[in-house]
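Participant: Structure incoming, see below.
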Amino acid sequence: MNKHLTLDNRLEIQIGLKSGENFTAIARRIDSDRTTVAREVKARRVPVHNSKGNNCIHRNECQFPDACSHYTPGRYRYGCHKGKQDCGGACGDCIKGCGRFQEDFCTRYEKPPYVCSACPDRRTCRLQKMEYDAKLAQKAYETLRSESRKGISLSEEELAYLDSVVSPKIKNGQAVSVVWNTHKEEMPVSDRTLYTYINSGLLDADNFDLRRKLRMPSRKKSGPVLRVDKRCHIGRSYEDYAAYISEHPDAVISQMDSVIGRKGGKVLLTILFKTCDLQLMYLRDRNTAASVSAVFRTLRNRLGDRRFSALFQVILTDRGSEFTDPVKIECDTETGEIQCRLFYCDPMNSNQKSNCERNHEFIRYVIPRGTSMDRFTQTDITKLMSHINSYPRKKWNGQAPLDLFIQIYGQETATLLGLEKIPSDSIILTPALLKK
(Lines give C-alpha, C1' and ligand atoms only; values in the text may rest on other atoms or scores of the structure.)
Protein backbone atom coordinates (compact mmCIF):
# COMPACT_ATOMS: atom_id res chain seq x y z
CA MET A 1 0.00 0.00 0.00
CA ASN A 2 1.38 3.43 -0.99
CA LYS A 3 2.60 5.51 1.93
CA HIS A 4 3.53 8.56 -0.17
CA LEU A 5 1.43 9.63 -3.14
CA THR A 6 3.11 10.24 -6.50
CA LEU A 7 2.07 12.60 -9.28
CA ASP A 8 0.44 9.66 -11.09
CA ASN A 9 -1.56 8.87 -7.94
CA ARG A 10 -2.69 12.47 -7.69
CA LEU A 11 -3.74 12.53 -11.35
CA GLU A 12 -5.87 9.44 -10.65
CA ILE A 13 -7.44 11.24 -7.68
CA GLN A 14 -8.24 14.28 -9.87
CA ILE A 15 -9.84 12.08 -12.54
CA GLY A 16 -11.83 10.16 -9.93
CA LEU A 17 -13.18 13.32 -8.32
CA LYS A 18 -14.33 14.70 -11.65
CA SER A 19 -16.06 11.39 -12.38
CA GLY A 20 -17.91 11.52 -9.07
CA GLU A 21 -16.16 8.46 -7.55
CA ASN A 22 -16.00 8.14 -3.77
CA PHE A 23 -12.76 7.98 -1.80
CA THR A 24 -12.95 4.19 -1.38
CA ALA A 25 -13.06 3.57 -5.13
CA ILE A 26 -10.22 6.02 -5.79
CA ALA A 27 -8.09 4.53 -2.99
CA ARG A 28 -8.59 1.00 -4.33
CA ARG A 29 -7.39 2.06 -7.78
CA ILE A 30 -4.16 3.69 -6.51
CA ASP A 31 -3.51 1.01 -3.85
CA SER A 32 -3.88 3.40 -0.93
CA ASP A 33 -6.11 3.93 2.09
CA ARG A 34 -9.34 5.95 1.74
CA THR A 35 -8.35 8.17 4.69
CA THR A 36 -5.09 9.00 2.90
CA VAL A 37 -7.05 10.10 -0.17
CA ALA A 38 -9.52 12.10 1.95
CA ARG A 39 -6.72 13.90 3.81
CA GLU A 40 -4.90 14.59 0.54
CA VAL A 41 -7.95 16.18 -1.09
CA LYS A 42 -8.89 18.27 1.94
CA ALA A 43 -5.33 19.47 2.55
CA ARG A 44 -4.39 20.29 -1.05
CA ARG A 45 -7.64 21.52 -2.59
CA VAL A 46 -7.48 25.13 -3.81
CA PRO A 47 -10.12 27.85 -4.14
CA VAL A 48 -10.98 29.01 -7.64
CA HIS A 49 -12.55 32.29 -8.67
CA ASN A 50 -16.31 32.30 -8.62
CA SER A 51 -18.22 33.03 -11.81
CA LYS A 52 -19.57 36.50 -12.45
CA GLY A 53 -22.73 37.46 -10.65
CA ASN A 54 -24.10 38.49 -7.30
CA ASN A 55 -22.64 36.22 -4.62
CA CYS A 56 -23.74 38.39 -1.68
CA ILE A 57 -25.40 36.70 1.27
CA HIS A 58 -28.24 39.27 1.00
CA ARG A 59 -28.87 38.75 -2.74
CA ASN A 60 -32.35 37.22 -2.30
CA GLU A 61 -33.70 40.17 -0.33
CA CYS A 62 -31.74 43.10 -1.77
CA GLN A 63 -33.28 45.78 -4.03
CA PHE A 64 -30.72 45.47 -6.85
CA PRO A 65 -31.65 48.69 -8.73
CA ASP A 66 -30.41 50.85 -5.84
CA ALA A 67 -26.83 49.84 -6.63
CA CYS A 68 -27.07 48.79 -10.29
CA SER A 69 -25.58 51.20 -12.82
CA HIS A 70 -27.56 49.51 -15.61
CA TYR A 71 -30.95 50.25 -14.03
CA THR A 72 -33.14 52.90 -15.63
CA PRO A 73 -35.55 54.39 -13.05
CA GLY A 74 -39.20 54.12 -14.05
CA ARG A 75 -38.55 51.62 -16.82
CA TYR A 76 -38.59 48.35 -14.94
CA ARG A 77 -39.16 47.66 -11.29
CA TYR A 78 -36.44 45.03 -11.05
CA GLY A 79 -35.10 45.31 -14.56
CA CYS A 80 -31.94 46.41 -16.28
CA HIS A 81 -30.90 48.03 -19.54
CA LYS A 82 -30.98 44.62 -21.21
CA GLY A 83 -34.74 44.45 -20.72
CA LYS A 84 -34.82 41.68 -18.13
CA GLN A 85 -37.75 42.00 -15.75
CA ASP A 86 -35.94 40.30 -12.85
CA CYS A 87 -32.17 40.20 -13.30
CA GLY A 88 -31.43 38.49 -9.98
CA GLY A 89 -28.04 40.19 -9.94
CA ALA A 90 -26.75 38.14 -12.86
CA CYS A 91 -24.14 40.71 -13.92
CA GLY A 92 -22.85 41.26 -10.38
CA ASP A 93 -22.64 45.01 -10.94
CA CYS A 94 -24.79 45.66 -7.88
CA ILE A 95 -22.14 44.43 -5.41
CA LYS A 96 -19.49 46.94 -6.49
CA GLY A 97 -19.09 49.56 -3.81
CA CYS A 98 -22.05 48.21 -1.81
CA GLY A 99 -21.57 48.76 1.91
CA ARG A 100 -23.79 45.79 2.76
CA PHE A 101 -21.89 43.31 0.60
CA GLN A 102 -20.94 40.14 2.41
CA GLU A 103 -19.68 37.21 0.38
CA ASP A 104 -21.67 33.99 0.63
CA PHE A 105 -19.88 30.64 0.82
CA CYS A 106 -21.07 27.16 -0.01
CA THR A 107 -20.99 24.61 2.83
CA ARG A 108 -21.08 21.52 0.61
CA TYR A 109 -17.32 21.36 0.21
CA GLU A 110 -16.87 21.08 3.97
CA LYS A 111 -18.11 17.48 3.59
CA PRO A 112 -16.73 14.68 1.39
CA PRO A 113 -15.61 14.90 -1.36
CA TYR A 114 -14.51 18.40 -0.18
CA VAL A 115 -14.43 19.78 -3.76
CA CYS A 116 -16.93 20.97 -6.35
CA SER A 117 -15.59 18.91 -9.28
CA ALA A 118 -18.68 16.70 -9.66
CA CYS A 119 -21.29 19.03 -8.13
CA PRO A 120 -24.48 19.12 -10.25
CA ASP A 121 -24.85 22.87 -9.63
CA ARG A 122 -21.28 23.71 -10.63
CA ARG A 123 -22.14 25.50 -13.91
CA THR A 124 -24.79 27.80 -12.41
CA CYS A 125 -23.30 28.35 -8.95
CA ARG A 126 -21.89 31.87 -8.35
CA LEU A 127 -20.13 31.04 -5.07
CA GLN A 128 -16.43 30.35 -4.60
CA LYS A 129 -15.53 26.83 -5.65
CA MET A 130 -12.92 24.37 -4.39
CA GLU A 131 -10.99 22.13 -6.77
CA TYR A 132 -8.25 19.54 -6.58
CA ASP A 133 -5.46 20.04 -9.10
CA ALA A 134 -2.94 17.18 -9.24
CA LYS A 135 0.00 19.29 -10.46
CA LEU A 136 -0.56 22.01 -7.85
CA ALA A 137 -0.96 19.35 -5.17
CA GLN A 138 2.34 17.74 -6.20
CA LYS A 139 4.12 21.12 -6.05
CA ALA A 140 2.66 21.79 -2.60
CA TYR A 141 3.81 18.35 -1.43
CA GLU A 142 7.35 18.89 -2.74
CA THR A 143 7.50 22.34 -1.15
CA LEU A 144 6.34 20.97 2.20
CA ARG A 145 8.86 18.12 2.03
CA SER A 146 11.62 20.59 1.24
CA GLU A 147 10.59 22.99 4.01
CA SER A 148 10.55 20.21 6.59
CA ARG A 149 14.29 19.80 6.02
CA LYS A 150 15.07 23.48 6.45
CA GLY A 151 15.44 25.45 9.62
CA ILE A 152 17.64 25.19 12.66
CA SER A 153 17.68 22.54 15.34
CA LEU A 154 17.92 24.98 18.27
CA SER A 155 15.15 26.24 20.49
CA GLU A 156 14.64 29.97 20.93
CA GLU A 157 16.37 29.84 24.32
CA GLU A 158 19.39 28.00 22.87
CA LEU A 159 19.63 30.45 19.99
CA ALA A 160 19.43 33.40 22.40
CA TYR A 161 22.21 31.89 24.53
CA LEU A 162 24.38 31.28 21.48
CA ASP A 163 23.84 34.89 20.39
CA SER A 164 24.80 36.23 23.84
CA VAL A 165 28.05 34.24 23.83
CA VAL A 166 29.14 34.72 20.22
CA SER A 167 27.97 38.13 18.99
CA PRO A 168 29.70 40.42 21.55
CA LYS A 169 33.09 38.77 20.91
CA ILE A 170 32.74 38.92 17.13
CA LYS A 171 31.76 42.61 17.37
CA ASN A 172 34.95 43.15 19.40
CA GLY A 173 37.01 41.88 16.47
CA GLN A 174 37.47 38.19 17.31
CA ALA A 175 37.26 35.60 14.55
CA VAL A 176 34.45 33.05 14.52
CA SER A 177 36.92 30.16 14.70
CA VAL A 178 38.59 31.66 17.79
CA VAL A 179 35.28 32.23 19.56
CA TRP A 180 34.13 28.72 18.73
CA ASN A 181 37.38 27.07 19.90
CA THR A 182 37.29 29.03 23.16
CA HIS A 183 33.74 27.92 23.94
CA LYS A 184 33.53 24.66 21.97
CA GLU A 185 32.49 22.65 25.03
CA GLU A 186 29.31 24.70 25.35
CA MET A 187 28.68 25.28 21.66
CA PRO A 188 25.56 23.46 20.38
CA VAL A 189 26.70 23.83 16.72
CA SER A 190 29.87 23.58 14.67
CA ASP A 191 31.95 26.59 13.63
CA ARG A 192 30.77 26.16 10.04
CA THR A 193 27.13 26.25 11.17
CA LEU A 194 27.96 29.37 13.16
CA TYR A 195 29.03 31.10 9.95
CA THR A 196 25.75 30.03 8.33
CA TYR A 197 23.71 31.48 11.22
CA ILE A 198 25.53 34.82 10.94
CA ASN A 199 25.10 34.90 7.16
CA SER A 200 21.37 34.17 7.55
CA GLY A 201 20.84 37.04 10.01
CA LEU A 202 19.95 34.83 12.99
CA LEU A 203 22.51 36.44 15.29
CA ASP A 204 23.13 40.05 16.29
CA ALA A 205 26.59 39.89 14.68
CA ASP A 206 26.53 40.17 10.90
CA ASN A 207 28.85 39.89 7.91
CA PHE A 208 30.14 43.44 8.43
CA ASP A 209 31.65 42.25 11.73
CA LEU A 210 33.65 39.52 9.95
CA ARG A 211 36.88 41.12 8.73
CA ARG A 212 38.09 38.37 6.43
CA LYS A 213 34.68 37.95 4.84
CA LEU A 214 34.64 41.62 3.83
CA ARG A 215 37.93 41.14 1.98
CA MET A 216 36.79 37.96 0.24
CA PRO A 217 35.01 38.26 -3.14
CA SER A 218 31.28 37.73 -2.91
CA ARG A 219 30.03 34.34 -3.99
CA LYS A 220 26.68 33.35 -5.35
CA LYS A 221 24.54 32.35 -2.42
CA SER A 222 23.21 28.82 -2.71
CA GLY A 223 21.02 26.55 -0.66
CA PRO A 224 17.81 27.25 1.25
CA VAL A 225 17.27 30.22 3.51
CA LEU A 226 17.14 29.05 7.11
CA ARG A 227 13.94 29.21 9.06
CA VAL A 228 14.06 30.17 12.73
CA ASP A 229 11.48 27.57 13.77
CA LYS A 230 11.03 24.36 11.77
CA ARG A 231 7.63 23.73 13.34
CA CYS A 232 6.26 27.27 13.13
CA HIS A 233 3.41 26.22 10.81
CA ILE A 234 1.96 23.67 13.25
CA GLY A 235 -1.28 25.08 14.65
CA ARG A 236 -0.98 28.11 12.35
CA SER A 237 -2.06 26.68 8.98
CA TYR A 238 -4.71 28.22 6.74
CA GLU A 239 -7.15 25.58 7.97
CA ASP A 240 -6.42 26.69 11.55
CA TYR A 241 -6.95 30.29 10.41
CA ALA A 242 -10.37 29.48 8.93
CA ALA A 243 -11.39 27.67 12.12
CA TYR A 244 -10.23 30.58 14.29
CA ILE A 245 -12.11 33.15 12.18
CA SER A 246 -15.29 31.09 12.34
CA GLU A 247 -15.04 31.21 16.14
CA HIS A 248 -14.02 34.90 16.20
CA PRO A 249 -15.92 36.49 13.26
CA ASP A 250 -15.37 40.04 14.55
CA ALA A 251 -11.58 39.72 14.73
CA VAL A 252 -9.55 42.40 12.93
CA ILE A 253 -7.68 40.66 10.10
CA SER A 254 -4.38 41.87 8.65
CA GLN A 255 -2.42 40.42 5.74
CA MET A 256 1.37 40.62 5.79
CA ASP A 257 3.95 40.27 3.01
CA SER A 258 7.34 41.41 1.75
CA VAL A 259 8.05 43.53 -1.33
CA ILE A 260 11.48 42.86 -2.80
CA GLY A 261 13.53 45.44 -4.69
CA ARG A 262 16.75 43.87 -5.89
CA LYS A 263 17.70 40.55 -4.34
CA GLY A 264 20.01 40.97 -1.36
CA GLY A 265 19.16 44.65 -0.82
CA LYS A 266 16.64 46.53 1.26
CA VAL A 267 13.10 45.18 1.35
CA LEU A 268 9.65 46.33 2.47
CA LEU A 269 7.40 44.73 5.06
CA THR A 270 3.74 45.46 4.30
CA ILE A 271 0.73 44.96 6.59
CA LEU A 272 -2.76 45.51 5.16
CA PHE A 273 -5.94 45.89 7.25
CA LYS A 274 -8.85 44.17 5.49
CA THR A 275 -11.37 46.44 7.22
CA CYS A 276 -10.27 49.43 5.13
CA ASP A 277 -7.40 48.34 2.79
CA LEU A 278 -4.94 50.63 4.57
CA GLN A 279 -1.42 49.26 4.15
CA LEU A 280 1.51 49.95 6.46
CA MET A 281 5.02 49.82 4.96
CA TYR A 282 8.35 49.43 6.73
CA LEU A 283 11.82 49.43 5.18
CA ARG A 284 14.22 46.71 6.33
CA ASP A 285 17.92 46.35 5.56
CA ARG A 286 17.64 42.59 5.07
CA ASN A 287 14.81 40.15 4.49
CA THR A 288 15.25 38.21 7.73
CA ALA A 289 13.06 37.05 10.59
CA ALA A 290 15.01 39.32 12.92
CA SER A 291 14.13 42.40 10.85
CA VAL A 292 10.40 41.50 10.95
CA SER A 293 10.58 41.00 14.73
CA ALA A 294 12.24 44.43 15.04
CA VAL A 295 9.32 46.07 13.18
CA PHE A 296 6.78 44.55 15.56
CA ARG A 297 8.90 45.51 18.56
CA THR A 298 8.86 49.11 17.30
CA LEU A 299 5.08 49.00 16.72
CA ARG A 300 4.47 47.74 20.27
CA ASN A 301 6.61 50.51 21.77
CA ARG A 302 5.01 53.21 19.62
CA LEU A 303 1.36 52.17 19.98
CA GLY A 304 1.26 50.76 23.49
CA ASP A 305 -0.39 47.48 24.47
CA ARG A 306 -4.01 48.67 24.15
CA ARG A 307 -3.71 50.11 20.63
CA PHE A 308 -1.44 47.31 19.41
CA SER A 309 -3.89 44.62 20.56
CA ALA A 310 -6.81 46.48 18.93
CA LEU A 311 -5.03 46.79 15.57
CA PHE A 312 -3.21 43.47 15.31
CA GLN A 313 -5.53 40.64 16.28
CA VAL A 314 -5.15 38.15 13.43
CA ILE A 315 -2.32 38.26 10.88
CA LEU A 316 -2.21 36.09 7.75
CA THR A 317 1.04 35.77 5.84
CA ASP A 318 2.89 33.43 3.47
CA ARG A 319 5.55 30.88 4.33
CA GLY A 320 8.60 33.04 3.60
CA SER A 321 11.63 32.49 5.82
CA GLU A 322 11.30 36.04 7.19
CA PHE A 323 8.04 35.06 8.92
CA THR A 324 9.35 31.95 10.68
CA ASP A 325 9.72 33.42 14.16
CA PRO A 326 6.01 33.75 15.01
CA VAL A 327 6.44 33.98 18.78
CA LYS A 328 8.20 37.35 18.51
CA ILE A 329 5.35 38.64 16.35
CA GLU A 330 2.54 37.26 18.51
CA CYS A 331 3.96 37.91 21.98
CA ASP A 332 5.28 40.82 23.97
CA THR A 333 8.91 39.70 24.40
CA GLU A 334 9.14 41.36 27.82
CA THR A 335 5.99 39.96 29.43
CA GLY A 336 5.39 36.88 27.26
CA GLU A 337 1.74 37.94 26.80
CA ILE A 338 0.11 36.74 23.56
CA GLN A 339 -1.29 39.86 21.88
CA CYS A 340 -2.18 38.57 18.39
CA ARG A 341 -2.38 35.38 16.33
CA LEU A 342 -0.26 34.63 13.26
CA PHE A 343 -1.36 32.17 10.57
CA TYR A 344 0.20 30.99 7.30
CA CYS A 345 -1.26 30.54 3.84
CA ASP A 346 -1.07 27.09 2.27
CA PRO A 347 2.10 26.42 0.22
CA MET A 348 1.91 27.92 -3.29
CA ASN A 349 -1.33 29.72 -2.33
CA SER A 350 -0.42 33.36 -1.75
CA ASN A 351 -3.79 34.20 -3.36
CA GLN A 352 -5.27 33.44 0.07
CA LYS A 353 -4.06 36.92 1.03
CA SER A 354 -5.06 38.52 -2.26
CA ASN A 355 -5.98 41.92 -0.76
CA CYS A 356 -2.39 42.50 0.27
CA GLU A 357 -0.99 41.23 -3.03
CA ARG A 358 -3.29 43.47 -5.10
CA ASN A 359 -2.42 46.56 -3.08
CA HIS A 360 1.26 46.07 -3.93
CA GLU A 361 0.34 47.30 -7.40
CA PHE A 362 0.32 50.86 -6.00
CA ILE A 363 3.84 50.38 -4.62
CA ARG A 364 5.04 49.19 -8.03
CA TYR A 365 3.71 52.37 -9.63
CA VAL A 366 6.37 54.24 -7.65
CA ILE A 367 9.03 51.54 -7.18
CA PRO A 368 8.95 49.36 -10.33
CA ARG A 369 9.82 45.69 -10.01
CA GLY A 370 13.59 45.14 -9.99
CA THR A 371 14.36 48.65 -8.70
CA SER A 372 16.83 48.72 -5.80
CA MET A 373 15.45 50.18 -2.57
CA ASP A 374 18.91 50.77 -1.06
CA ARG A 375 18.74 54.54 -1.69
CA PHE A 376 15.47 54.93 0.21
CA THR A 377 15.00 55.72 3.90
CA GLN A 378 12.02 55.01 6.13
CA THR A 379 11.06 58.67 5.69
CA ASP A 380 10.72 58.04 1.95
CA ILE A 381 8.61 54.92 2.54
CA THR A 382 6.38 56.74 5.06
CA LYS A 383 5.79 59.40 2.40
CA LEU A 384 4.91 56.69 -0.13
CA MET A 385 2.60 55.06 2.42
CA SER A 386 0.68 58.30 2.99
CA HIS A 387 0.19 58.96 -0.74
CA ILE A 388 -1.07 55.41 -1.42
CA ASN A 389 -3.40 55.36 1.59
CA SER A 390 -4.82 58.79 0.69
CA TYR A 391 -5.77 57.61 -2.81
CA PRO A 392 -9.61 57.31 -3.10
CA ARG A 393 -10.94 53.84 -3.96
CA LYS A 394 -14.03 52.98 -5.96
CA LYS A 395 -14.49 49.95 -3.71
CA TRP A 396 -15.12 52.27 -0.76
CA ASN A 397 -17.42 54.67 -2.63
CA GLY A 398 -14.69 57.22 -3.29
CA GLN A 399 -13.27 57.19 0.24
CA ALA A 400 -9.55 56.67 0.83
CA PRO A 401 -8.27 53.86 3.09
CA LEU A 402 -6.83 56.47 5.45
CA ASP A 403 -10.25 58.14 5.83
CA LEU A 404 -11.82 54.81 6.82
CA PHE A 405 -8.91 53.96 9.13
CA ILE A 406 -9.32 57.25 11.01
CA GLN A 407 -13.08 56.65 11.33
CA ILE A 408 -12.43 53.25 12.90
CA TYR A 409 -9.29 53.79 14.98
CA GLY A 410 -8.99 57.56 15.39
CA GLN A 411 -6.64 60.30 14.24
CA GLU A 412 -4.20 59.77 17.13
CA THR A 413 -3.53 56.16 16.10
CA ALA A 414 -2.98 57.26 12.49
CA THR A 415 -0.52 59.92 13.67
CA LEU A 416 1.40 57.40 15.80
CA LEU A 417 1.82 55.25 12.69
CA GLY A 418 3.19 58.22 10.72
CA LEU A 419 0.17 58.45 8.41
CA GLU A 420 -0.59 61.83 6.89
CA LYS A 421 -3.58 62.73 4.72
CA ILE A 422 -2.50 63.92 1.27
CA PRO A 423 -5.03 66.07 -0.66
CA SER A 424 -6.35 64.26 -3.75
CA ASP A 425 -4.90 66.86 -6.13
CA SER A 426 -1.43 66.42 -4.60
CA ILE A 427 -1.24 62.62 -4.72
CA ILE A 428 1.65 61.28 -6.84
CA LEU A 429 1.82 57.58 -7.78
CA THR A 430 4.81 57.60 -10.14
CA PRO A 431 8.59 57.20 -9.55
CA ALA A 432 8.75 61.00 -9.41
CA LEU A 433 7.40 60.84 -5.84
CA LEU A 434 10.69 59.48 -4.46
CA LYS A 435 13.04 60.95 -7.05
CA LYS A 436 16.20 62.33 -5.49
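We label chains A, B, ... in the order they appear in the C-alpha coordinates, count residues from 1 in each chain, and number ligands from 1 in the order shown.
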Which residues, written as a VMD selection string, have at least one atom at most 7 Å from stretch 290-304 of chain A, with only C-alpha atoms counted and residues fewer than 6 positions away on the same chain left out?
Facilitator: chain A and resid 201 to 202 284 322 328 to 329 416
Participant: How would the residues just picked look written out with N, CA, C and O atoms as a tab-separated table (two decimals), in the first residue's frame?
Facilitator:
```tsv
chain	number	residue	atom	x	y	z
A	201	GLY	N	21.44	35.98	9.20
A	201	GLY	CA	20.84	37.04	10.01
A	201	GLY	C	20.17	36.54	11.29
A	201	GLY	O	19.30	37.22	11.84
A	202	LEU	N	20.57	35.36	11.78
A	202	LEU	CA	19.95	34.83	12.99
A	202	LEU	C	20.61	35.34	14.26
A	202	LEU	O	20.04	35.20	15.35
A	284	ARG	N	13.29	47.54	5.56
A	284	ARG	CA	14.22	46.71	6.33
A	284	ARG	C	15.52	46.54	5.54
A	284	ARG	O	15.50	46.46	4.32
A	322	GLU	N	11.28	34.87	6.30
A	322	GLU	CA	11.30	36.04	7.19
A	322	GLU	C	10.16	36.03	8.19
A	322	GLU	O	10.15	36.82	9.14
A	328	LYS	N	7.80	35.96	18.32
A	328	LYS	CA	8.20	37.35	18.51
A	328	LYS	C	7.25	38.33	17.83
A	328	LYS	O	7.30	39.53	18.09
A	329	ILE	N	6.40	37.81	16.95
A	329	ILE	CA	5.35	38.64	16.35
A	329	ILE	C	4.11	38.61	17.23
A	329	ILE	O	3.47	39.63	17.48
A	416	LEU	N	0.36	58.23	15.20
A	416	LEU	CA	1.40	57.40	15.80
A	416	LEU	C	2.06	56.49	14.76
A	416	LEU	O	3.24	56.14	14.87
```
Participant: Work out how far apart atom CA of A:Asp425 and atom CA of A:Gln407 are and give it in Å to one decimal.
Facilitator: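 Atom CA of A:Gln407 lies 21.8 Å from atom CA of A:Asp425.
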Participant: Atom CA of A:Glu131 and atom CA of A:Val46, how far apart in Å?
Facilitator: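 Computing it gives 5.5 Å between the two atoms.
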Participant: Of the residues A:Leu280, A:Met373, A:Ile408, A:Cys356, which is the one nearest to A:Asn389, using only C-alpha atoms?
Facilitator: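 The shortest atom-to-atom distance to A:Asn389 comes from A:Leu280.
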Participant: Could you check how far atom CA of A:Ser32 sits from atom CA of A:Cys119, in Å to one decimal?
Facilitator: 24.5 Å
Participant: Can you pull out the residues contacting stretch 184-191 of chain A? Cut-off 9 Å, using only C-alpha atoms, and skip same-chain residues under 4 positions away; I want them as number ranges by chain.
Facilitator: A: 154, 158, 162, 176-177, 179-180, 195-196
Participant: For N, CA, C and O atoms, I'd like the residues from the last selection saved as a PDB file, in the first residue's frame.
Facilitator:
```
ATOM      1  N   LEU A 154      17.853  24.392  16.929  1.00  0.00           N
ATOM      2  CA  LEU A 154      17.924  24.985  18.266  1.00  0.00           C
ATOM      3  C   LEU A 154      16.582  25.561  18.678  1.00  0.00           C
ATOM      4  O   LEU A 154      15.813  26.013  17.839  1.00  0.00           O
ATOM      5  N   GLU A 158      18.032  28.377  23.255  1.00  0.00           N
ATOM      6  CA  GLU A 158      19.394  27.996  22.874  1.00  0.00           C
ATOM      7  C   GLU A 158      19.980  28.988  21.886  1.00  0.00           C
ATOM      8  O   GLU A 158      21.174  29.331  21.967  1.00  0.00           O
ATOM      9  N   LEU A 162      23.284  31.279  22.453  1.00  0.00           N
ATOM     10  CA  LEU A 162      24.380  31.279  21.482  1.00  0.00           C
ATOM     11  C   LEU A 162      24.700  32.699  21.042  1.00  0.00           C
ATOM     12  O   LEU A 162      25.873  33.090  20.941  1.00  0.00           O
ATOM     13  N   VAL A 176      35.435  34.073  14.155  1.00  0.00           N
ATOM     14  CA  VAL A 176      34.451  33.049  14.523  1.00  0.00           C
ATOM     15  C   VAL A 176      35.150  31.788  15.013  1.00  0.00           C
ATOM     16  O   VAL A 176      34.740  31.173  16.013  1.00  0.00           O
ATOM     17  N   SER A 177      36.211  31.386  14.314  1.00  0.00           N
ATOM     18  CA  SER A 177      36.924  30.159  14.702  1.00  0.00           C
ATOM     19  C   SER A 177      37.511  30.267  16.099  1.00  0.00           C
ATOM     20  O   SER A 177      37.499  29.293  16.867  1.00  0.00           O
ATOM     21  N   VAL A 179      36.390  32.256  18.594  1.00  0.00           N
ATOM     22  CA  VAL A 179      35.281  32.233  19.559  1.00  0.00           C
ATOM     23  C   VAL A 179      34.775  30.810  19.752  1.00  0.00           C
ATOM     24  O   VAL A 179      34.538  30.355  20.873  1.00  0.00           O
ATOM     25  N   TRP A 180      34.652  30.084  18.640  1.00  0.00           N
ATOM     26  CA  TRP A 180      34.127  28.718  18.734  1.00  0.00           C
ATOM     27  C   TRP A 180      35.082  27.811  19.502  1.00  0.00           C
ATOM     28  O   TRP A 180      34.666  27.018  20.344  1.00  0.00           O
ATOM     29  N   TYR A 195      28.929  30.189  11.090  1.00  0.00           N
ATOM     30  CA  TYR A 195      29.034  31.102   9.952  1.00  0.00           C
ATOM     31  C   TYR A 195      27.693  31.199   9.214  1.00  0.00           C
ATOM     32  O   TYR A 195      27.270  32.282   8.789  1.00  0.00           O
ATOM     33  N   THR A 196      27.032  30.059   9.031  1.00  0.00           N
ATOM     34  CA  THR A 196      25.746  30.033   8.329  1.00  0.00           C
ATOM     35  C   THR A 196      24.707  30.851   9.083  1.00  0.00           C
ATOM     36  O   THR A 196      23.924  31.591   8.475  1.00  0.00           O
TER      37      THR A 196
END
```
Participant: DSSP on the backbone, strand (DSSP E or B) only: what residues of stretch 224-407 of chain A does that give? Format it as a ChimeraX atom specification.
Facilitator: /A:253-260,267-273,278-284,314-317,331,338,341-344
Participant: Using only C-alpha atoms, which of the listed residues (A:Arg364, A:His4, A:Lys171, A:Arg10) sits closest to A:Asp204?
Facilitator: A:Lys171
Participant: Using only C-alpha atoms, determine which residues lie at most 12 Å from A:His248, disregarding the query and same-chain residues fewer than 5 positions distant; provide the list as a ChimeraX atom specification.
Facilitator: /A:241-243,253,313-314,341
Participant: For a quick check of understanding, using only C-alpha atoms, which of A:Val166, A:Ala432, A:Ile30, A:Ile422 has the smallest distance to A:Tyr391?
Facilitator: A:Ile422
Participant: Counting only C-alpha atoms, what is within 8 Å of A:Asp33, bar same-chain residues fewer than 3 positions away, as a PyMOL selection string?
Facilitator: chain A and resi 1+24+27-28+36-37
Participant: Those residues with N, CA and C atoms, as a short mmCIF file (atom, residue, chain, number, x, y, z; two decimals), in the first residue's frame please?
Facilitator:
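Writing the result to selection_25.cif gives the following:
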```cif
data_model
loop_
_atom_site.label_atom_id
_atom_site.label_comp_id
_atom_site.auth_asym_id
_atom_site.auth_seq_id
_atom_site.Cartn_x
_atom_site.Cartn_y
_atom_site.Cartn_z
N MET A 1 0.85 -1.20 0.00
CA MET A 1 0.00 0.00 0.00
C MET A 1 0.88 1.25 0.00
N THR A 24 -13.27 5.62 -1.43
CA THR A 24 -12.95 4.19 -1.38
C THR A 24 -12.57 3.66 -2.75
N ALA A 27 -9.18 5.13 -3.77
CA ALA A 27 -8.09 4.53 -2.99
C ALA A 27 -7.78 3.13 -3.49
N ARG A 28 -8.81 2.37 -3.85
CA ARG A 28 -8.59 1.00 -4.33
C ARG A 28 -7.80 1.03 -5.64
N THR A 36 -6.22 8.30 3.52
CA THR A 36 -5.09 9.00 2.90
C THR A 36 -5.58 9.88 1.76
N VAL A 37 -6.49 9.33 0.95
CA VAL A 37 -7.05 10.10 -0.17
C VAL A 37 -7.87 11.28 0.35
#
```
Participant: Find the spatial neighbours of A:Ala140, counting only C-alpha atoms, within a cut-off of 8 Å - ignore same-chain residues fewer than 6 positions away - and output them as a ChimeraX atom specification.
Facilitator: /A:44,347-348
Participant: Could the residues in this selection be written to a file with all heavy atoms, as a tab-separated table (two decimals), in the first residue's frame?
Facilitator:
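Dumped to result_24.tsv:
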```
chain	number	residue	atom	x	y	z
A	44	ARG	N	-5.01	19.68	0.13
A	44	ARG	CA	-4.39	20.29	-1.05
A	44	ARG	C	-5.40	20.83	-2.06
A	44	ARG	O	-5.02	21.21	-3.17
A	44	ARG	CB	-3.44	19.30	-1.72
A	44	ARG	CG	-2.45	18.68	-0.74
A	44	ARG	CD	-1.18	18.27	-1.40
A	44	ARG	NE	-0.40	17.37	-0.57
A	44	ARG	CZ	0.34	17.76	0.45
A	44	ARG	NH1	0.42	19.03	0.74
A	44	ARG	NH2	1.02	16.87	1.17
A	347	PRO	N	1.00	26.30	1.18
A	347	PRO	CA	2.10	26.42	0.22
A	347	PRO	C	1.58	26.69	-1.18
A	347	PRO	O	0.57	26.12	-1.61
A	347	PRO	CB	2.78	25.04	0.30
A	347	PRO	CG	2.42	24.51	1.65
A	347	PRO	CD	1.05	25.03	1.93
A	348	MET	N	2.25	27.58	-1.90
A	348	MET	CA	1.91	27.92	-3.29
A	348	MET	C	0.51	28.55	-3.39
A	348	MET	O	-0.11	28.53	-4.45
A	348	MET	CB	1.95	26.67	-4.18
A	348	MET	CG	3.16	25.80	-4.00
A	348	MET	SD	4.70	26.61	-4.51
A	348	MET	CE	4.47	26.63	-6.29
```
Participant: Report as a PyMOL selection string all protein, DNA and RNA residues lying within 9 Å of A:Ala310, evaluated on only C-alpha atoms, omitting residues in the same chain fewer than 5 positions from it.
Facilitator: chain A and resi 252+305+409
Participant: Restricting the calculation to only C-alpha atoms: of A:Arg34, A:Cys98, A:Lys42, A:Gln128, which residue gets closest to A:Glu110?
Facilitator: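 Of A:Arg34, A:Cys98, A:Lys42, A:Gln128, the one nearest A:Glu110, counting only C-alpha atoms, is A:Lys42.
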